[in-house]
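K.L.:
data26.pdb is the file, holding PDB, C-alpha atoms, pLDDT in the B column:
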```pdb
ATOM      1  CA  MET A  21      50.286  87.782  71.288  1.00 72.00           C
ATOM      2  CA  THR A  22      46.661  87.056  71.464  1.00 85.00           C
ATOM      3  CA  ILE A  23      44.567  88.822  74.046  1.00 95.00           C
ATOM      4  CA  ASP A  24      41.004  87.599  73.787  1.00 96.00           C
ATOM      5  CA  CYS A  25      39.160  90.613  75.131  1.00 97.00           C
ATOM      6  CA  LEU A  26      35.527  90.275  76.224  1.00 97.00           C
ATOM      7  CA  ILE A  27      33.962  93.650  76.994  1.00 98.00           C
ATOM      8  CA  GLU A  28      30.936  93.439  79.289  1.00 98.00           C
ATOM      9  CA  ASP A  29      31.046  97.115  80.271  1.00 98.00           C
ATOM     10  CA  PRO A  30      31.053  99.479  77.250  1.00 98.00           C
ATOM     11  CA  ARG A  31      33.149 102.037  79.152  1.00 98.00           C
ATOM     12  CA  TRP A  32      36.089  99.697  78.397  1.00 98.00           C
ATOM     13  CA  SER A  33      36.071 100.633  74.696  1.00 95.00           C
ATOM     14  CA  ASP A  34      39.871 101.135  74.693  1.00 95.00           C
ATOM     15  CA  LEU A  35      40.821  98.206  76.969  1.00 98.00           C
ATOM     16  CA  SER A  36      42.405  96.088  74.254  1.00 97.00           C
ATOM     17  CA  ALA A  37      44.551  99.018  73.095  1.00 97.00           C
ATOM     18  CA  ILE A  38      45.849  99.451  76.660  1.00 98.00           C
ATOM     19  CA  ALA A  39      46.178  95.764  77.561  1.00 98.00           C
ATOM     20  CA  GLU A  40      48.052  94.529  74.506  1.00 97.00           C
ATOM     21  CA  PRO A  41      51.158  96.764  74.890  1.00 98.00           C
ATOM     22  CA  ALA A  42      51.196  96.263  78.678  1.00 98.00           C
ATOM     23  CA  ALA A  43      51.095  92.473  78.369  1.00 98.00           C
ATOM     24  CA  GLN A  44      53.690  92.480  75.578  1.00 97.00           C
ATOM     25  CA  ALA A  45      56.060  94.687  77.586  1.00 98.00           C
ATOM     26  CA  THR A  46      55.710  92.393  80.603  1.00 98.00           C
ATOM     27  CA  LEU A  47      56.462  89.250  78.623  1.00 97.00           C
ATOM     28  CA  ARG A  48      59.391  90.831  76.765  1.00 97.00           C
ATOM     29  CA  HIS A  49      60.888  92.104  80.025  1.00 98.00           C
ATOM     30  CA  LEU A  50      60.967  88.516  81.275  1.00 97.00           C
ATOM     31  CA  GLY A  51      62.489  87.200  78.054  1.00 95.00           C
ATOM     32  CA  LEU A  52      59.290  85.655  76.690  1.00 95.00           C
ATOM     33  CA  ASP A  53      58.145  86.141  73.105  1.00 95.00           C
ATOM     34  CA  PRO A  54      54.651  87.676  73.235  1.00 95.00           C
ATOM     35  CA  GLU A  55      53.711  85.886  70.018  1.00 94.00           C
ATOM     36  CA  ASP A  56      53.852  82.558  71.879  1.00 94.00           C
ATOM     37  CA  TRP A  57      51.173  83.395  74.468  1.00 96.00           C
ATOM     38  CA  GLU A  58      47.439  83.858  74.906  1.00 96.00           C
ATOM     39  CA  ILE A  59      45.516  85.685  77.632  1.00 98.00           C
ATOM     40  CA  SER A  60      41.766  86.063  78.137  1.00 98.00           C
ATOM     41  CA  LEU A  61      40.700  89.457  79.449  1.00 98.00           C
ATOM     42  CA  LEU A  62      37.277  90.468  80.780  1.00 98.00           C
ATOM     43  CA  GLY A  63      36.438  94.173  81.004  1.00 98.00           C
ATOM     44  CA  CYS A  64      33.597  94.416  83.480  1.00 98.00           C
ATOM     45  CA  ASP A  65      32.043  96.589  86.172  1.00 98.00           C
ATOM     46  CA  ASP A  66      32.169  96.443  89.972  1.00 98.00           C
ATOM     47  CA  ALA A  67      29.042  94.302  90.263  1.00 98.00           C
ATOM     48  CA  ARG A  68      30.501  91.568  88.051  1.00 98.00           C
ATOM     49  CA  ILE A  69      33.941  91.576  89.647  1.00 98.00           C
ATOM     50  CA  ALA A  70      32.374  91.445  93.123  1.00 98.00           C
ATOM     51  CA  VAL A  71      30.649  88.188  92.122  1.00 98.00           C
ATOM     52  CA  LEU A  72      33.923  86.794  90.756  1.00 98.00           C
ATOM     53  CA  ASN A  73      35.794  87.900  93.874  1.00 98.00           C
ATOM     54  CA  ALA A  74      33.180  86.197  96.068  1.00 98.00           C
ATOM     55  CA  ASP A  75      33.198  83.005  94.001  1.00 97.00           C
ATOM     56  CA  PHE A  76      36.959  82.613  93.727  1.00 96.00           C
ATOM     57  CA  ARG A  77      38.415  84.423  96.748  1.00 96.00           C
ATOM     58  CA  ASP A  78      35.526  84.349  99.217  1.00 97.00           C
ATOM     59  CA  LYS A  79      35.596  88.164  99.308  1.00 96.00           C
ATOM     60  CA  PRO A  80      32.159  89.489  98.268  1.00 94.00           C
ATOM     61  CA  SER A  81      33.310  92.973  97.321  1.00 97.00           C
ATOM     62  CA  PRO A  82      34.638  94.688  94.221  1.00 98.00           C
ATOM     63  CA  THR A  83      38.351  94.858  93.500  1.00 98.00           C
ATOM     64  CA  ASN A  84      40.342  96.390  90.660  1.00 98.00           C
ATOM     65  CA  VAL A  85      41.739  93.295  88.942  1.00 98.00           C
ATOM     66  CA  LEU A  86      41.669  89.520  89.344  1.00 98.00           C
ATOM     67  CA  SER A  87      43.798  86.910  87.637  1.00 98.00           C
ATOM     68  CA  TRP A  88      43.597  83.160  87.219  1.00 98.00           C
ATOM     69  CA  PRO A  89      46.797  81.513  85.955  1.00 97.00           C
ATOM     70  CA  SER A  90      46.364  78.470  83.746  1.00 94.00           C
ATOM     71  CA  GLU A  91      48.752  76.613  86.050  1.00 92.00           C
ATOM     72  CA  GLU A  92      50.450  77.194  89.396  1.00 92.00           C
ATOM     73  CA  ARG A  93      53.865  78.712  88.725  1.00 91.00           C
ATOM     74  CA  GLY A  94      54.754  80.354  92.045  1.00 92.00           C
ATOM     75  CA  ALA A  95      58.236  80.022  93.498  1.00 93.00           C
ATOM     76  CA  ASP A  96      58.639  77.940  96.640  1.00 92.00           C
ATOM     77  CA  GLN A  97      61.287  80.212  98.150  1.00 94.00           C
ATOM     78  CA  ALA A  98      60.236  83.737  99.184  1.00 94.00           C
ATOM     79  CA  GLY A  99      61.686  86.373  96.883  1.00 95.00           C
ATOM     80  CA  ALA A 100      62.647  83.880  94.168  1.00 95.00           C
ATOM     81  CA  SER A 101      61.468  84.221  90.593  1.00 95.00           C
ATOM     82  CA  PRO A 102      58.978  81.576  89.489  1.00 96.00           C
ATOM     83  CA  ASP A 103      59.844  79.183  86.681  1.00 92.00           C
ATOM     84  CA  LEU A 104      58.699  80.676  83.415  1.00 91.00           C
ATOM     85  CA  PRO A 105      56.344  78.636  81.246  1.00 91.00           C
ATOM     86  CA  GLU A 106      57.395  76.826  78.089  1.00 85.00           C
ATOM     87  CA  PRO A 107      55.440  77.894  74.974  1.00 75.00           C
ATOM     88  CA  ASP A 108      55.407  74.408  73.497  1.00 74.00           C
ATOM     89  CA  PHE A 109      53.495  73.065  76.486  1.00 72.00           C
ATOM     90  CA  ASP A 110      50.466  75.354  76.643  1.00 78.00           C
ATOM     91  CA  PRO A 111      50.236  78.855  75.165  1.00 92.00           C
ATOM     92  CA  GLU A 112      47.334  79.871  77.455  1.00 94.00           C
ATOM     93  CA  LEU A 113      48.696  81.899  80.385  1.00 96.00           C
ATOM     94  CA  GLY A 114      45.322  82.415  82.040  1.00 97.00           C
ATOM     95  CA  ASP A 115      42.459  84.829  82.563  1.00 98.00           C
ATOM     96  CA  ILE A 116      42.206  88.389  83.854  1.00 98.00           C
ATOM     97  CA  ALA A 117      39.140  90.404  84.880  1.00 98.00           C
ATOM     98  CA  ILE A 118      39.303  94.154  85.442  1.00 98.00           C
ATOM     99  CA  ALA A 119      36.580  96.423  86.861  1.00 98.00           C
ATOM    100  CA  TYR A 120      35.989  99.841  85.362  1.00 98.00           C
ATOM    101  CA  ASP A 121      34.374 101.483  88.393  1.00 98.00           C
ATOM    102  CA  THR A 122      37.151 100.588  90.842  1.00 98.00           C
ATOM    103  CA  CYS A 123      39.905 101.443  88.352  1.00 98.00           C
ATOM    104  CA  ALA A 124      38.382 104.841  87.579  1.00 98.00           C
ATOM    105  CA  ARG A 125      37.909 105.637  91.275  1.00 98.00           C
ATOM    106  CA  GLU A 126      41.490 104.593  92.145  1.00 98.00           C
ATOM    107  CA  ALA A 127      42.966 106.583  89.253  1.00 97.00           C
ATOM    108  CA  GLU A 128      41.071 109.682  90.365  1.00 97.00           C
ATOM    109  CA  GLU A 129      41.995 109.217  94.048  1.00 96.00           C
ATOM    110  CA  GLN A 130      45.666 108.755  93.121  1.00 95.00           C
ATOM    111  CA  GLY A 131      45.696 111.643  90.630  1.00 95.00           C
ATOM    112  CA  LYS A 132      46.764 109.366  87.776  1.00 95.00           C
ATOM    113  CA  PRO A 133      45.542 109.113  84.213  1.00 97.00           C
ATOM    114  CA  MET A 134      43.152 106.160  83.881  1.00 98.00           C
ATOM    115  CA  GLN A 135      45.251 104.680  81.052  1.00 98.00           C
ATOM    116  CA  ASP A 136      48.396 104.691  83.214  1.00 98.00           C
ATOM    117  CA  HIS A 137      46.593 103.038  86.118  1.00 98.00           C
ATOM    118  CA  VAL A 138      45.053 100.363  83.898  1.00 98.00           C
ATOM    119  CA  THR A 139      48.426  99.725  82.248  1.00 98.00           C
ATOM    120  CA  HIS A 140      49.917  99.140  85.699  1.00 98.00           C
ATOM    121  CA  LEU A 141      47.097  96.767  86.653  1.00 98.00           C
ATOM    122  CA  ILE A 142      47.499  94.749  83.448  1.00 98.00           C
ATOM    123  CA  VAL A 143      51.270  94.461  84.045  1.00 98.00           C
ATOM    124  CA  HIS A 144      50.476  93.392  87.623  1.00 98.00           C
ATOM    125  CA  ALA A 145      47.916  90.805  86.489  1.00 98.00           C
ATOM    126  CA  VAL A 146      50.191  89.329  83.801  1.00 98.00           C
ATOM    127  CA  LEU A 147      52.917  88.926  86.421  1.00 98.00           C
ATOM    128  CA  HIS A 148      50.378  87.008  88.529  1.00 98.00           C
ATOM    129  CA  LEU A 149      49.659  84.752  85.538  1.00 97.00           C
ATOM    130  CA  LEU A 150      53.392  84.046  85.401  1.00 97.00           C
ATOM    131  CA  GLY A 151      53.571  83.033  89.068  1.00 97.00           C
ATOM    132  CA  TYR A 152      54.598  86.281  90.745  1.00 97.00           C
ATOM    133  CA  ASP A 153      52.769  87.208  93.916  1.00 95.00           C
ATOM    134  CA  HIS A 154      52.826  89.704  96.776  1.00 94.00           C
ATOM    135  CA  VAL A 155      51.646  87.649  99.763  1.00 92.00           C
ATOM    136  CA  ARG A 156      55.117  87.285 101.299  1.00 94.00           C
ATOM    137  CA  ASP A 157      57.169  90.469 101.769  1.00 96.00           C
ATOM    138  CA  ALA A 158      60.100  89.254  99.677  1.00 96.00           C
ATOM    139  CA  ASP A 159      57.753  88.266  96.849  1.00 96.00           C
ATOM    140  CA  ALA A 160      56.038  91.663  96.992  1.00 96.00           C
ATOM    141  CA  THR A 161      59.400  93.423  96.762  1.00 97.00           C
ATOM    142  CA  LEU A 162      60.344  91.368  93.695  1.00 98.00           C
ATOM    143  CA  MET A 163      56.984  91.854  91.992  1.00 98.00           C
ATOM    144  CA  GLU A 164      56.786  95.581  92.662  1.00 97.00           C
ATOM    145  CA  GLY A 165      60.354  96.042  91.410  1.00 97.00           C
ATOM    146  CA  LEU A 166      59.472  94.304  88.158  1.00 98.00           C
ATOM    147  CA  GLU A 167      56.364  96.435  87.752  1.00 98.00           C
ATOM    148  CA  VAL A 168      58.383  99.628  88.216  1.00 98.00           C
ATOM    149  CA  GLU A 169      61.003  98.453  85.678  1.00 98.00           C
ATOM    150  CA  ILE A 170      58.408  97.428  83.074  1.00 98.00           C
ATOM    151  CA  LEU A 171      56.375 100.606  83.454  1.00 98.00           C
ATOM    152  CA  GLY A 172      59.568 102.685  83.343  1.00 98.00           C
ATOM    153  CA  LYS A 173      60.474 101.111  80.001  1.00 98.00           C
ATOM    154  CA  MET A 174      56.993 102.087  78.823  1.00 98.00           C
ATOM    155  CA  GLY A 175      57.631 105.693  79.882  1.00 97.00           C
ATOM    156  CA  LEU A 176      55.320 105.562  82.916  1.00 97.00           C
ATOM    157  CA  PRO A 177      56.171 106.700  86.445  1.00 96.00           C
ATOM    158  CA  ASP A 178      56.644 104.486  89.490  1.00 96.00           C
ATOM    159  CA  PRO A 179      53.092 103.626  90.628  1.00 95.00           C
ATOM    160  CA  TYR A 180      54.260 103.026  94.206  1.00 91.00           C
ATOM    161  CA  ARG A 181      55.850 106.419  94.715  1.00 86.00           C
ATOM    162  CA  ASN A 182      53.825 108.674  97.034  1.00 66.00           C
ATOM    163  CA  GLN A 183      51.653 105.859  98.340  1.00 55.00           C
TER     164      GLN A 183
END
```
Could you take the file, read its structure, and then write that structure out as structure tokens?

P.N.:
Amino acid sequence: MTIDCLIEDPRWSDLSAIAEPAAQATLRHLGLDPEDWEISLLGCDDARIAVLNADFRDKPSPTNVLSWPSEERGADQAGASPDLPEPDFDPELGDIAIAYDTCAREAEEQGKPMQDHVTHLIVHAVLHLLGYDHVRDADATLMEGLEVEILGKMGLPDPYRNQ
């Protein structure tokens, strides 16, 4: 797998080491070979992600993570799994941006290690690149269940417990 990691905020010195295993675990869980795929990842701060959030989602405020899939893959039916991409077509899954300030604040507020929280957010973002979403209740249930399974295989606790 290739994760092209651009670090704009130096506090993200270990981002690639966290993101690579999280993305690989997500792809493997869905039966995809990580070696077939590419993801671009931006490690930034709240100011940068607020600009991206305003530009792409019309929400001029910081958020923890954003993702831009290379193509629309969402399922038409609520709660259904999206069609997985074919590696021969286009290996680029899409782009992810993650904000240090928001991630650190959330990890502290939730009493979680920063690495565990970031791992969860990368799993979450990769699922978005693959067409999973949480707008409709049934889709959220599916996506959250996958996140819990993937993180469990990685030895991490359920991120939705006690929330």

K.L.:
At what distance in Å, to one decimal, does CA of Trp88 in chain A lie from CA of Ala70 in chain A?

P.N.:
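Here the two named atoms are 15.1 Å from each other.
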
K.L.:
Output as CSV one row per residue of range 27-48 of chain A within 10 Å of range 140-145 of chain A: the closest atom pair and its distance in Å to one decimal place, counting all atoms listed in the file, sorted by chain and residue number ascending.

P.N.:
```
residue,atom,partner,partner_atom,distance
A:Leu35,CA,A:Ile142,CA,9.9
A:Ile38,CA,A:Ile142,CA,8.4
A:Ala39,CA,A:Ile142,CA,6.1
A:Glu40,CA,A:Ile142,CA,9.0
A:Pro41,CA,A:Val143,CA,9.4
A:Ala42,CA,A:Val143,CA,5.7
A:Ala43,CA,A:Val143,CA,6.0
A:Gln44,CA,A:Val143,CA,9.0
A:Ala45,CA,A:Val143,CA,8.0
A:Thr46,CA,A:Val143,CA,6.0
A:Leu47,CA,A:Val143,CA,9.1
```

K.L.:
If the PyMOL selection byres ((chain A and resi 159) around 10) were run on this exact file, what residues would it hold? Put them as a list in words.

P.N.:
Gly94, Ala95, Gln97, Ala98, Gly99, Ala100, Ser101, Tyr152, Asp153, His154, Val155, Arg156, Asp157, Ala158, Ala160, Thr161, Leu162, Met163, Glu164 and Gly165 of chain A

K.L.:
Taking 4 positions as the minimum chain separation for residues in the same chain, which residues sit within 12 Å of Asn84 in chain A when counting only C-alpha atoms? Answer as a compact mmCIF listing (two decimals) with C-alpha atoms, keeping the file's coordinate frame.

P.N.:
```
# COMPACT_ATOMS: atom_id res chain seq x y z
CA LEU A 62 37.28 90.47 80.78
CA GLY A 63 36.44 94.17 81.00
CA CYS A 64 33.60 94.42 83.48
CA ASP A 65 32.04 96.59 86.17
CA ASP A 66 32.17 96.44 89.97
CA ALA A 67 29.04 94.30 90.26
CA ARG A 68 30.50 91.57 88.05
CA ILE A 69 33.94 91.58 89.65
CA ALA A 70 32.37 91.44 93.12
CA LEU A 72 33.92 86.79 90.76
CA ASN A 73 35.79 87.90 93.87
CA ILE A 116 42.21 88.39 83.85
CA ALA A 117 39.14 90.40 84.88
CA ILE A 118 39.30 94.15 85.44
CA ALA A 119 36.58 96.42 86.86
CA TYR A 120 35.99 99.84 85.36
CA ASP A 121 34.37 101.48 88.39
CA THR A 122 37.15 100.59 90.84
CA CYS A 123 39.90 101.44 88.35
CA ALA A 124 38.38 104.84 87.58
CA ARG A 125 37.91 105.64 91.28
CA GLU A 126 41.49 104.59 92.14
CA ALA A 127 42.97 106.58 89.25
CA HIS A 137 46.59 103.04 86.12
CA VAL A 138 45.05 100.36 83.90
CA HIS A 140 49.92 99.14 85.70
CA LEU A 141 47.10 96.77 86.65
CA ILE A 142 47.50 94.75 83.45
CA HIS A 144 50.48 93.39 87.62
CA ALA A 145 47.92 90.80 86.49
```

K.L.:
Find the residue from A:Pro89, A:His49, A:Asp103, A:Asp75 that sits nearest to Leu171 in chain A; use only C-alpha atoms when measuring.

P.N.:
A:His49

K.L.:
Padding 6 Å on each side, edges along x, y and z: where is the centre of the box around the listed atoms of range 157-164 of chain A, and how long are its edges in Å to one decimal? Output it as AutoDock Vina command-line options.

P.N.:
```
--center_x 58.2 --center_y 91.9 --center_z 96.9 --size_x 16.3 --size_y 19.3 --size_z 21.8
```

K.L.:
Just the number, please: distance in Å from CA of Glu28 in chain A to CA of Asp53 in chain A, one decimal.

P.N.:
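Distance reported for this atom pair: 28.8 Å.
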
K.L.:
Quote the spacing between CA of Lys173 in chain A and CA of Glu91 in chain A in Å to one decimal place.

P.N.:
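Here the two named atoms are 27.8 Å from each other.
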
K.L.:
Determine the nearest neighbour of Arg181 in chain A from the options A:Val168, A:Gly114, A:Trp57, A:Leu150, counting all atoms listed in the file.

P.N.:
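Of A:Val168, A:Gly114, A:Trp57, A:Leu150, the one nearest Arg181 in chain A, counting all atoms listed in the file, is A:Val168.
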
K.L.:
Which is closest to Leu50 in chain A among A:Asp108, A:Pro82, A:Glu169, A:Lys132, if we use all atoms listed in the file?

P.N.:
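Among the listed residues, the smallest separation from Leu50 in chain A belongs to A:Glu169.
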
K.L.:
I'd like to know which of A:Met174, A:Leu61, A:Leu104, A:Ile23 is closest to Val85 in chain A, using all atoms listed in the file.

P.N.:
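Between A:Met174, A:Leu61, A:Leu104, A:Ile23, the residue approaching Val85 in chain A most closely is A:Leu61.
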
K.L.:
Hey, which of A:Glu92, A:Ser81, A:Leu166, A:Asp115 ends up closest to Arg48 in chain A? Count all atoms listed in the file.

P.N.:
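Nearest candidate to Arg48 in chain A out of A:Glu92, A:Ser81, A:Leu166, A:Asp115: A:Leu166.
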
K.L.:
Tell me which of A:Asp96, A:Glu128, A:Asp178, A:Glu167 sits closest to Gly151 in chain A, counting all atoms listed in the file.

P.N.:
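Of A:Asp96, A:Glu128, A:Asp178, A:Glu167, the one nearest Gly151 in chain A is A:Asp96, counting all atoms listed in the file.
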
K.L.:
Any chance you could build range 106-121 of chain A out to N, CA, C and O atoms and write it as a compact mmCIF listing (two decimals), in the frame of the given file?

P.N.:
```txt
# COMPACT_ATOMS: atom_id res chain seq x y z
N GLU A 106 56.85 77.20 79.39
CA GLU A 106 57.40 76.83 78.09
C GLU A 106 56.28 76.95 77.05
O GLU A 106 55.21 76.37 77.22
N PRO A 107 56.51 77.68 75.95
CA PRO A 107 55.44 77.89 74.97
C PRO A 107 54.97 76.62 74.28
O PRO A 107 53.83 76.56 73.84
N ASP A 108 55.81 75.63 74.18
CA ASP A 108 55.41 74.41 73.50
C ASP A 108 54.40 73.60 74.31
O ASP A 108 53.67 72.79 73.77
N PHE A 109 54.38 73.84 75.62
CA PHE A 109 53.50 73.06 76.49
C PHE A 109 52.05 73.54 76.36
O PHE A 109 51.16 72.79 76.02
N ASP A 110 51.81 74.80 76.68
CA ASP A 110 50.47 75.35 76.64
C ASP A 110 50.57 76.86 76.49
O ASP A 110 51.09 77.54 77.38
N PRO A 111 50.09 77.41 75.38
CA PRO A 111 50.24 78.86 75.17
C PRO A 111 49.31 79.72 76.02
O PRO A 111 49.52 80.91 76.14
N GLU A 112 48.29 79.11 76.65
CA GLU A 112 47.33 79.87 77.46
C GLU A 112 47.93 80.19 78.82
O GLU A 112 48.19 79.30 79.62
N LEU A 113 48.15 81.49 79.09
CA LEU A 113 48.70 81.90 80.39
C LEU A 113 47.62 81.98 81.46
O LEU A 113 47.90 81.76 82.63
N GLY A 114 46.40 82.33 81.07
CA GLY A 114 45.32 82.42 82.04
C GLY A 114 44.35 83.52 81.71
O GLY A 114 44.32 84.05 80.60
N ASP A 115 43.54 83.87 82.72
CA ASP A 115 42.46 84.83 82.56
C ASP A 115 42.63 86.01 83.52
O ASP A 115 43.10 85.83 84.64
N ILE A 116 42.18 87.16 83.06
CA ILE A 116 42.21 88.39 83.85
C ILE A 116 40.83 89.03 83.76
O ILE A 116 40.20 89.03 82.70
N ALA A 117 40.36 89.58 84.87
CA ALA A 117 39.14 90.40 84.88
C ALA A 117 39.51 91.74 85.51
O ALA A 117 40.25 91.79 86.49
N ILE A 118 39.00 92.82 84.94
CA ILE A 118 39.30 94.15 85.44
C ILE A 118 38.01 94.97 85.50
O ILE A 118 37.20 94.92 84.58
N ALA A 119 37.82 95.69 86.60
CA ALA A 119 36.58 96.42 86.86
C ALA A 119 36.74 97.91 86.60
O ALA A 119 37.58 98.57 87.22
N TYR A 120 35.90 98.43 85.73
CA TYR A 120 35.99 99.84 85.36
C TYR A 120 35.78 100.78 86.55
O TYR A 120 36.56 101.71 86.75
N ASP A 121 34.72 100.55 87.32
CA ASP A 121 34.37 101.48 88.39
C ASP A 121 35.52 101.65 89.39
O ASP A 121 35.90 102.77 89.75
```
